[in-house]
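The file final12.cif comes next; it holds mmCIF, C-alpha atoms.
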data_entry
loop_
_atom_site.label_atom_id
_atom_site.label_comp_id
_atom_site.auth_asym_id
_atom_site.auth_seq_id
_atom_site.Cartn_x
_atom_site.Cartn_y
_atom_site.Cartn_z
CA MET A 4 123.56 35.46 75.09
CA ASN A 5 123.24 38.54 72.85
CA THR A 6 119.80 40.17 72.65
CA GLN A 7 118.85 41.98 69.43
CA ARG A 8 116.30 44.70 68.92
CA GLU A 9 113.81 43.64 66.25
CA ILE A 10 112.47 46.23 63.83
CA THR A 11 109.01 44.92 62.99
CA PRO A 12 107.23 45.81 59.71
CA LEU A 13 104.27 47.22 61.63
CA THR A 14 103.78 50.89 60.72
CA GLN A 15 102.06 53.66 62.66
CA TYR A 16 99.03 53.30 60.39
CA ASP A 17 98.40 49.63 61.28
CA CYS A 18 96.46 48.31 64.26
CA PHE A 19 98.14 44.92 64.27
CA THR A 20 99.87 42.35 62.10
CA LEU A 21 99.40 38.59 62.06
CA PHE A 22 102.02 36.21 60.69
CA SER A 23 101.36 32.51 60.25
CA ARG A 24 103.73 29.85 58.97
CA THR A 25 104.73 26.20 59.23
CA LYS A 26 108.40 25.36 59.69
CA LYS A 27 110.85 22.68 60.81
CA GLN A 28 112.92 24.69 63.28
CA PHE A 29 113.15 27.96 65.16
CA ASP A 30 115.66 30.29 63.58
CA PHE A 31 115.18 33.72 65.20
CA PRO A 32 117.67 34.84 67.89
CA LEU A 33 116.87 36.22 71.33
CA HIS A 34 115.28 39.61 70.65
CA TYR A 35 112.90 42.34 71.82
CA HIS A 36 110.72 44.96 70.14
CA ASP A 37 108.43 47.88 70.98
CA GLU A 38 105.21 46.01 70.25
CA TYR A 39 103.05 43.63 72.29
CA GLU A 40 103.14 40.07 70.97
CA LEU A 41 100.79 37.10 71.26
CA ASN A 42 102.46 33.90 70.09
CA LEU A 43 100.64 30.60 69.45
CA ILE A 44 102.93 27.63 68.75
CA LEU A 45 101.66 24.13 67.95
CA ASN A 46 103.50 20.82 67.47
CA ALA A 47 106.80 22.00 68.95
CA LYS A 48 107.13 19.65 71.93
CA ASN A 49 110.59 19.86 73.55
CA ALA A 50 111.48 23.21 72.00
CA LYS A 51 112.95 25.70 74.47
CA ARG A 52 111.36 29.06 75.32
CA ILE A 53 113.24 31.99 76.86
CA VAL A 54 111.33 35.00 78.19
CA GLY A 55 113.34 37.48 80.26
CA ASN A 56 115.17 35.31 82.80
CA HIS A 57 112.68 32.42 82.50
CA ILE A 58 113.65 29.27 80.57
CA HIS A 59 111.21 26.44 79.87
CA VAL A 60 110.94 23.37 77.61
CA ILE A 61 107.51 23.58 76.02
CA ASP A 62 104.79 21.07 75.16
CA ASP A 63 102.66 20.67 72.01
CA LEU A 64 100.37 23.58 72.93
CA GLU A 65 102.02 26.93 73.62
CA LEU A 66 100.48 30.39 73.98
CA VAL A 67 102.44 33.33 75.39
CA PHE A 68 101.66 37.05 75.70
CA LEU A 69 104.63 39.42 75.82
CA GLY A 70 104.80 43.09 76.77
CA PRO A 71 106.91 45.67 74.92
CA ASN A 72 110.71 45.36 74.98
CA LEU A 73 110.75 42.05 76.85
CA SER A 74 113.50 39.77 75.53
CA HIS A 75 112.25 36.44 74.19
CA ALA A 76 112.97 33.59 71.78
CA TRP A 77 112.10 30.00 71.01
CA PHE A 78 114.86 27.52 70.16
CA THR A 79 114.54 24.11 68.47
CA HIS A 80 116.42 22.39 71.33
CA GLU A 81 115.18 18.76 71.32
CA CYS A 82 112.08 19.34 69.17
CA LYS A 83 111.81 16.70 66.41
CA SER A 84 108.64 17.99 64.74
CA ALA A 85 108.70 18.46 60.98
CA GLU A 86 105.65 20.75 61.07
CA ILE A 87 105.86 23.44 63.72
CA LYS A 88 102.89 25.79 63.39
CA GLU A 89 103.49 29.37 64.54
CA VAL A 90 101.03 32.27 64.61
CA THR A 91 102.41 35.60 65.80
CA ILE A 92 100.25 38.67 66.44
CA GLN A 93 101.97 42.00 67.10
CA PHE A 94 100.30 45.30 67.95
CA HIS A 95 101.37 48.77 69.03
CA LYS A 96 101.69 49.53 72.73
CA ASP A 97 99.27 52.45 72.32
CA LEU A 98 96.51 50.41 70.62
CA LEU A 99 94.82 50.69 74.02
CA ASP A 100 96.35 53.65 75.80
CA ASP A 101 96.49 54.31 79.55
CA THR A 102 93.36 56.50 79.45
CA MET A 103 91.31 53.74 77.82
CA LEU A 104 92.71 51.05 80.11
CA GLY A 105 91.92 53.25 83.12
CA ARG A 106 88.17 52.73 82.64
CA ASN A 107 86.47 50.50 85.20
CA GLN A 108 85.22 48.08 82.56
CA LEU A 109 88.78 47.34 81.43
CA SER A 110 90.33 46.64 84.84
CA PHE A 111 91.13 43.02 83.92
CA MET A 112 92.75 44.15 80.67
CA ARG A 113 94.75 46.82 82.52
CA ASN A 114 96.16 44.25 84.95
CA PHE A 115 96.74 41.82 82.09
CA PHE A 116 98.79 44.32 80.10
CA GLU A 117 100.77 45.27 83.18
CA ARG A 118 101.50 41.63 83.93
CA SER A 119 102.63 41.02 80.34
CA LYS A 120 105.75 43.08 81.04
CA LYS A 121 107.11 39.88 82.58
CA GLY A 122 105.51 37.56 80.02
CA ILE A 123 102.43 35.35 80.51
CA ALA A 124 101.90 31.69 79.56
CA PHE A 125 98.43 30.15 79.45
CA SER A 126 96.97 26.84 80.60
CA GLU A 127 96.20 23.97 78.24
CA ASP A 128 92.45 24.49 78.72
CA THR A 129 92.73 28.18 77.82
CA ILE A 130 94.81 27.41 74.72
CA LYS A 131 92.35 24.78 73.50
CA ALA A 132 89.47 27.23 73.94
CA ILE A 133 91.18 30.21 72.27
CA LYS A 134 93.19 28.41 69.54
CA PRO A 135 90.41 28.27 66.88
CA ARG A 136 89.82 32.01 67.24
CA ILE A 137 93.49 32.87 66.82
CA LEU A 138 93.77 30.54 63.82
CA GLY A 139 90.62 32.11 62.34
CA LEU A 140 91.67 35.72 62.90
CA SER A 141 93.39 36.00 59.49
CA GLN A 142 90.04 35.27 57.82
CA LYS A 143 88.49 38.40 59.30
CA SER A 144 89.16 41.88 57.99
CA GLY A 145 88.86 45.54 58.91
CA PHE A 146 86.91 46.50 62.01
CA ASP A 147 85.72 42.91 62.60
CA SER A 148 89.30 41.73 62.98
CA ILE A 149 90.09 44.47 65.52
CA LEU A 150 87.00 43.61 67.56
CA GLU A 151 87.95 39.94 67.50
CA LEU A 152 91.54 40.65 68.60
CA LEU A 153 90.30 42.79 71.50
CA SER A 154 87.80 40.07 72.42
CA ILE A 155 90.56 37.44 72.41
CA LEU A 156 92.75 39.63 74.61
CA HIS A 157 89.86 40.25 77.01
CA ASP A 158 89.05 36.55 77.30
CA LEU A 159 92.71 35.79 77.95
CA SER A 160 92.80 38.51 80.61
CA ILE A 161 90.05 36.73 82.60
CA SER A 162 91.33 33.19 81.99
CA ARG A 163 92.38 30.96 84.88
CA ASN A 164 95.81 29.58 85.79
CA MET A 165 97.92 32.15 83.98
CA LEU A 166 101.63 31.81 84.69
CA THR A 167 103.88 34.87 84.97
CA LEU A 168 107.20 33.94 83.40
CA SER A 169 110.06 36.31 84.20
CA ASP A 170 110.95 37.14 87.80
CA ALA A 171 111.73 40.69 86.78
CA ALA A 172 110.80 42.73 83.74
CA PHE A 173 113.93 42.35 81.62
CA ASN A 174 112.93 45.47 79.77
CA ASN A 175 115.22 46.95 77.15
CA GLU A 176 113.45 50.28 76.86
CA ASN A 177 116.05 53.05 76.93
CA SER A 178 113.88 56.04 77.60
CA ASN A 179 110.42 57.47 77.39
CA TYR A 180 109.65 58.73 73.91
CA ASN A 181 106.68 60.66 75.20
CA SER A 182 107.33 64.11 73.86
CA ARG A 183 105.22 66.14 71.45
CA ARG A 184 108.39 67.22 69.67
CA ILE A 185 109.57 63.63 69.27
CA GLU A 186 106.12 62.58 68.01
CA LYS A 187 106.22 65.41 65.50
CA VAL A 188 109.67 64.27 64.33
CA PHE A 189 108.63 60.64 63.90
CA ASP A 190 105.43 61.62 62.08
CA TYR A 191 107.59 63.62 59.67
CA LEU A 192 110.08 60.75 59.21
CA ASN A 193 107.28 58.25 58.57
CA LEU A 194 105.83 60.52 55.88
CA ASN A 195 109.15 61.38 54.21
CA TYR A 196 111.39 58.32 54.69
CA SER A 197 111.32 57.57 50.95
CA GLN A 198 113.00 60.88 50.13
CA GLU A 199 116.21 62.57 51.19
CA VAL A 200 115.71 63.71 54.78
CA LYS A 201 118.11 66.35 56.08
CA LEU A 202 118.98 66.84 59.71
CA SER A 203 118.55 70.60 59.25
CA ASP A 204 114.95 70.21 58.02
CA VAL A 205 113.95 67.99 60.95
CA ALA A 206 115.70 70.25 63.47
CA LYS A 207 113.61 73.17 62.18
CA LEU A 208 110.45 71.24 63.05
CA THR A 209 111.47 71.36 66.70
CA ASN A 210 112.78 74.95 66.58
CA MET A 211 116.18 73.69 67.70
CA PRO A 212 119.70 74.14 66.31
CA GLU A 213 121.04 70.97 64.64
CA VAL A 214 123.53 70.20 67.42
CA SER A 215 120.89 70.62 70.13
CA PHE A 216 118.40 68.50 68.19
CA SER A 217 120.98 65.72 67.72
CA ARG A 218 121.56 65.60 71.48
CA PHE A 219 117.80 65.79 72.12
CA ILE A 220 116.85 62.81 69.93
CA LYS A 221 119.75 60.71 71.26
CA LYS A 222 118.71 61.42 74.84
CA ARG A 223 115.02 60.71 74.16
CA THR A 224 115.39 57.56 72.05
CA GLY A 225 118.87 56.23 72.77
CA LYS A 226 119.60 56.45 69.04
CA THR A 227 121.11 59.03 66.69
CA PHE A 228 118.97 60.85 64.14
CA ILE A 229 120.28 58.77 61.20
CA ASP A 230 119.81 55.55 63.18
CA SER A 231 116.19 56.47 63.91
CA LEU A 232 115.59 57.28 60.23
CA ASN A 233 117.21 54.02 59.12
CA GLU A 234 115.03 52.02 61.51
CA ILE A 235 111.92 53.51 59.93
CA ARG A 236 113.26 52.81 56.45
CA VAL A 237 114.14 49.22 57.35
CA ALA A 238 110.67 48.67 58.85
CA HIS A 239 109.01 49.83 55.63
CA ALA A 240 111.46 47.79 53.54
CA SER A 241 110.68 44.69 55.64
CA ARG A 242 107.01 45.11 54.88
CA LEU A 243 107.63 45.46 51.13
CA LEU A 244 109.87 42.37 51.15
CA ILE A 245 106.99 40.41 52.67
CA ASP A 246 104.06 42.04 50.86
CA THR A 247 105.36 42.53 47.30
CA THR A 248 107.38 40.84 44.58
CA ASN A 249 109.36 44.02 43.91
CA THR A 250 113.09 43.49 43.49
CA ILE A 251 115.35 44.23 46.43
CA SER A 252 116.86 47.15 44.49
CA GLU A 253 113.41 48.64 43.84
CA ILE A 254 112.55 48.32 47.52
CA ALA A 255 115.84 49.87 48.61
CA TYR A 256 115.38 52.97 46.47
CA SER A 257 111.68 53.31 47.28
CA CYS A 258 112.56 53.37 51.01
CA GLY A 259 115.09 56.19 50.68
CA PHE A 260 118.37 54.28 50.42
CA ASN A 261 120.61 55.82 47.76
CA ASN A 262 122.43 52.62 46.84
CA ILE A 263 121.89 48.88 47.19
CA SER A 264 125.11 48.14 49.09
CA ASN A 265 124.21 50.71 51.77
CA PHE A 266 120.73 49.19 52.04
CA ASN A 267 122.13 45.66 52.41
CA ARG A 268 124.61 46.81 55.04
CA VAL A 269 122.05 48.75 57.12
CA PHE A 270 119.42 46.00 56.80
CA LYS A 271 121.89 43.30 57.91
CA ARG A 272 122.96 45.40 60.89
CA LYS A 273 119.37 46.06 61.98
CA LYS A 274 117.81 42.65 61.27
CA ASN A 275 120.85 40.33 61.53
CA THR A 276 119.95 38.90 58.13
CA THR A 277 120.19 40.01 54.51
CA PRO A 278 117.09 41.31 52.68
CA LYS A 279 117.03 38.16 50.55
CA GLU A 280 117.31 35.85 53.55
CA PHE A 281 114.60 37.86 55.30
CA ARG A 282 112.25 37.50 52.33
CA ASP A 283 112.94 33.76 52.02
CA ASN A 284 112.41 33.25 55.75
CA TYR A 285 108.99 34.92 55.72
CA SER A 286 107.34 32.47 53.38
CA GLY A 287 104.00 32.37 55.16
CA THR A 288 100.82 34.38 55.54
CA ARG A 289 101.26 37.96 56.75
CA VAL A 290 98.19 40.10 57.31
CA PHE A 291 98.25 43.81 58.21
CA ILE A 292 95.13 45.38 59.71
#
Show me this structure written as structure tokens.
Amino acid sequence: MNTQREITPLTQYDCFTLFSRTKKQFDFPLHYHDEYELNLILNAKNAKRIVGNHIHVIDDLELVFLGPNLSHAWFTHECKSAEIKEVTIQFHKDLLDDTMLGRNQLSFMRNFFERSKKGIAFSEDTIKAIKPRILGLSQKSGFDSILELLSILHDLSISRNMLTLSDAAFNNENSNYNSRRIEKVFDYLNLNYSQEVKLSDVAKLTNMPEVSFSRFIKKRTGKTFIDSLNEIRVAHASRLLIDTTNTISEIAYSCGFNNISNFNRVFKRKKNTTPKEFRDNYSGTRVFI
């Protein structure tokens, strides 16, 4: 089964995003992404869940916490429900960094995040207790919403009867991005993605010749310079497709693509769907904090 890398619409300036919708079937392929994900699914009895190498047919109450780059998907399978409720929360892997998690008071959270690399499913009692808070999270805003998310994660970290899903961390992370030069490059790309971005200009930021920089970014990220830039552009375009009523052409040009056919081609390659299909599929409530 092919596993696709998902480019989420979460930007470096967001703490987390919450997406809620009701649907009749699961339509997203097996995938992975850089962000942590908490997924609450209701009324999907007999759907099939895959996390890493773990496969399970789920019940009516489903809550799973996934670490970065862990392959996962839900499939309709034998689910007959006409109203599947899905709430997905995604947040950056550095929302709580290693220094913060190293504090004594966060030992449960530290272990919880480490365990999530293999995926965690929660007991029925835990889901019943935490469900109203997850469903109510979209009604909060600003700092209150961040506090509530952290509180939910903490309460999950000390809950009983957690089940670790995958035998091994089926982690698709190619390499460690942790480099001040790489961070500088990605900060620049995130600020300038809407304009023409030249390889020569970005190479100068790192004080490297173009050829050396091209090798450097490929080694660090597993992707070419143009691929990295296109991923950032597609992420911002995804957000505009969800958040605005701008035309697809307007979004393409505002995200730095010089023609609509190139945008459609790159978007389809990155997201396995066209921009129009993506917009139609995300008819729900999306909140960015």
- [ ] Translate the PyMOL selection byres ((chain A and resi 275) around 12), as applied to the file shown, into an explicit residue set as a PyMOL selection string.
- [x] chain A and resi 5-10+30-34+237+267-274+276-281
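The smallest atom-to-atom distance between Ala238 in chain A and any of A:Ser252, A:Ser148, A:Thr224, A:Asn193, using only C-alpha atoms, is found for A:Asn193.
Interatomic distance, CA of Ala50 in chain A to CA of Met165 in chain A: 20.2 Å.
Nearest to Thr250 in chain A of all the residues A:Asn56, A:Ile155, A:Ser264, A:Arg282 is A:Arg282, counting all atoms listed in the file.
If you measure from each of A:Leu98, A:Ile292, A:Leu192, A:Val67 to His239 in chain A using all atoms listed in the file, the closest one turns out to be A:Leu192.
Minimum atom-to-atom distances from A:Tyr16, A:His59, A:Thr25, A:Ile229 to Tyr285 in chain A were compared using only C-alpha atoms, and the lowest value belongs to A:Thr25.
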Open item on the list: Please expand the PyMOL selection byres ((chain A and resi 216) around 10) into the concrete residues it hits in this file, giving the result as a PyMOL selection string.
Closed with: chain A and resi 202-203+205-215+217-222+227-228
Can you write out the residues you just picked, keeping C-alpha atoms, as a PDB file, keeping the file's coordinate frame?
ATOM      1  CA  LEU A 202     118.980  66.840  59.710  1.00  0.00           C
ATOM      2  CA  SER A 203     118.550  70.600  59.250  1.00  0.00           C
ATOM      3  CA  VAL A 205     113.950  67.990  60.950  1.00  0.00           C
ATOM      4  CA  ALA A 206     115.700  70.250  63.470  1.00  0.00           C
ATOM      5  CA  LYS A 207     113.610  73.170  62.180  1.00  0.00           C
ATOM      6  CA  LEU A 208     110.450  71.240  63.050  1.00  0.00           C
ATOM      7  CA  THR A 209     111.470  71.360  66.700  1.00  0.00           C
ATOM      8  CA  ASN A 210     112.780  74.950  66.580  1.00  0.00           C
ATOM      9  CA  MET A 211     116.180  73.690  67.700  1.00  0.00           C
ATOM     10  CA  PRO A 212     119.700  74.140  66.310  1.00  0.00           C
ATOM     11  CA  GLU A 213     121.040  70.970  64.640  1.00  0.00           C
ATOM     12  CA  VAL A 214     123.530  70.200  67.420  1.00  0.00           C
ATOM     13  CA  SER A 215     120.890  70.620  70.130  1.00  0.00           C
ATOM     14  CA  SER A 217     120.980  65.720  67.720  1.00  0.00           C
ATOM     15  CA  ARG A 218     121.560  65.600  71.480  1.00  0.00           C
ATOM     16  CA  PHE A 219     117.800  65.790  72.120  1.00  0.00           C
ATOM     17  CA  ILE A 220     116.850  62.810  69.930  1.00  0.00           C
ATOM     18  CA  LYS A 221     119.750  60.710  71.260  1.00  0.00           C
ATOM     19  CA  LYS A 222     118.710  61.420  74.840  1.00  0.00           C
ATOM     20  CA  THR A 227     121.110  59.030  66.690  1.00  0.00           C
ATOM     21  CA  PHE A 228     118.970  60.850  64.140  1.00  0.00           C
TER      22      PHE A 228
END
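In terms of minimum interatomic distance to Asp128 in chain A, A:Leu64 ranks closest within A:Ile149, A:Ile58, A:Ile235, A:Leu64, counting all atoms listed in the file.
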Task: Chain and number of each residue from the PyMOL selection byres ((chain A and resi 65) around 10), as a VMD selection string - done: chain A and resid 42 to 48 52 61 to 64 66 to 67 89 124 to 127 130 to 131 134
Written file, previous selection with C-alpha atoms, as an mmCIF file, in the frame of the given file:
data_model
loop_
_atom_site.group_PDB
_atom_site.id
_atom_site.type_symbol
_atom_site.label_atom_id
_atom_site.label_comp_id
_atom_site.auth_asym_id
_atom_site.auth_seq_id
_atom_site.Cartn_x
_atom_site.Cartn_y
_atom_site.Cartn_z
ATOM 1 C CA ASN A 42 102.460 33.900 70.090
ATOM 2 C CA LEU A 43 100.640 30.600 69.450
ATOM 3 C CA ILE A 44 102.930 27.630 68.750
ATOM 4 C CA LEU A 45 101.660 24.130 67.950
ATOM 5 C CA ASN A 46 103.500 20.820 67.470
ATOM 6 C CA ALA A 47 106.800 22.000 68.950
ATOM 7 C CA LYS A 48 107.130 19.650 71.930
ATOM 8 C CA ARG A 52 111.360 29.060 75.320
ATOM 9 C CA ILE A 61 107.510 23.580 76.020
ATOM 10 C CA ASP A 62 104.790 21.070 75.160
ATOM 11 C CA ASP A 63 102.660 20.670 72.010
ATOM 12 C CA LEU A 64 100.370 23.580 72.930
ATOM 13 C CA LEU A 66 100.480 30.390 73.980
ATOM 14 C CA VAL A 67 102.440 33.330 75.390
ATOM 15 C CA GLU A 89 103.490 29.370 64.540
ATOM 16 C CA ALA A 124 101.900 31.690 79.560
ATOM 17 C CA PHE A 125 98.430 30.150 79.450
ATOM 18 C CA SER A 126 96.970 26.840 80.600
ATOM 19 C CA GLU A 127 96.200 23.970 78.240
ATOM 20 C CA ILE A 130 94.810 27.410 74.720
ATOM 21 C CA LYS A 131 92.350 24.780 73.500
ATOM 22 C CA LYS A 134 93.190 28.410 69.540
#
- [ ] Find the distance between CA of Pro12 in chain A and CA of Gly259 in chain A and write it in Å to one decimal.
- [x] 15.8 Å
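One finds CA of Leu69 in chain A at 23.7 Å from CA of Lys226 in chain A.
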Starting from the incomplete input, reconstruct N, CA, C and O atoms of range 152-170 of chain A and write that as a compact mmCIF listing (two decimals), in the frame of the given file.
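So the final result, stored in rebuild-v4.txt, reads:
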# COMPACT_ATOMS: atom_id res chain seq x y z
N LEU A 152 90.28 40.63 67.85
CA LEU A 152 91.54 40.65 68.60
C LEU A 152 91.31 41.15 70.02
O LEU A 152 91.80 40.55 70.99
N LEU A 153 90.56 42.24 70.17
CA LEU A 153 90.30 42.79 71.50
C LEU A 153 89.49 41.79 72.34
O LEU A 153 89.73 41.66 73.55
N SER A 154 88.59 41.08 71.71
CA SER A 154 87.80 40.07 72.42
C SER A 154 88.69 38.92 72.89
O SER A 154 88.54 38.42 74.02
N ILE A 155 89.60 38.50 72.03
CA ILE A 155 90.56 37.44 72.41
C ILE A 155 91.40 37.89 73.60
O ILE A 155 91.58 37.15 74.57
N LEU A 156 91.92 39.12 73.52
CA LEU A 156 92.75 39.63 74.61
C LEU A 156 91.96 39.73 75.91
O LEU A 156 92.47 39.41 76.99
N HIS A 157 90.69 40.17 75.80
CA HIS A 157 89.86 40.25 77.01
C HIS A 157 89.63 38.87 77.62
O HIS A 157 89.76 38.68 78.84
N ASP A 158 89.31 37.90 76.78
CA ASP A 158 89.05 36.55 77.30
C ASP A 158 90.31 35.94 77.91
O ASP A 158 90.23 35.21 78.91
N LEU A 159 91.46 36.25 77.34
CA LEU A 159 92.71 35.79 77.95
C LEU A 159 92.94 36.47 79.29
O LEU A 159 93.44 35.86 80.23
N SER A 160 92.55 37.75 79.38
CA SER A 160 92.80 38.51 80.61
C SER A 160 91.99 37.97 81.80
O SER A 160 92.36 38.19 82.95
N ILE A 161 90.87 37.28 81.52
CA ILE A 161 90.05 36.73 82.60
C ILE A 161 90.19 35.21 82.70
O ILE A 161 89.45 34.56 83.43
N SER A 162 91.14 34.65 81.96
CA SER A 162 91.33 33.19 81.99
C SER A 162 91.98 32.76 83.30
O SER A 162 92.63 33.56 83.99
N ARG A 163 91.86 31.48 83.61
CA ARG A 163 92.38 30.96 84.88
C ARG A 163 93.76 30.34 84.66
O ARG A 163 94.12 29.94 83.57
N ASN A 164 94.52 30.27 85.76
CA ASN A 164 95.81 29.58 85.79
C ASN A 164 96.85 30.17 84.85
O ASN A 164 97.64 29.45 84.23
N MET A 165 96.84 31.49 84.72
CA MET A 165 97.92 32.15 83.98
C MET A 165 99.22 32.01 84.76
O MET A 165 99.21 32.02 86.00
N LEU A 166 100.33 31.92 84.04
CA LEU A 166 101.63 31.81 84.69
C LEU A 166 102.50 33.00 84.27
O LEU A 166 102.73 33.23 83.08
N THR A 167 102.94 33.78 85.26
CA THR A 167 103.88 34.87 84.97
C THR A 167 105.27 34.26 84.82
O THR A 167 105.70 33.46 85.65
N LEU A 168 105.98 34.64 83.77
CA LEU A 168 107.20 33.94 83.40
C LEU A 168 108.47 34.50 84.03
O LEU A 168 109.17 33.82 84.77
N SER A 169 108.78 35.75 83.75
CA SER A 169 110.06 36.31 84.20
C SER A 169 109.93 36.85 85.62
O SER A 169 108.92 37.44 85.99
N ASP A 170 110.96 36.62 86.43
CA ASP A 170 110.95 37.14 87.80
C ASP A 170 110.92 38.66 87.82
O ASP A 170 110.30 39.28 88.64
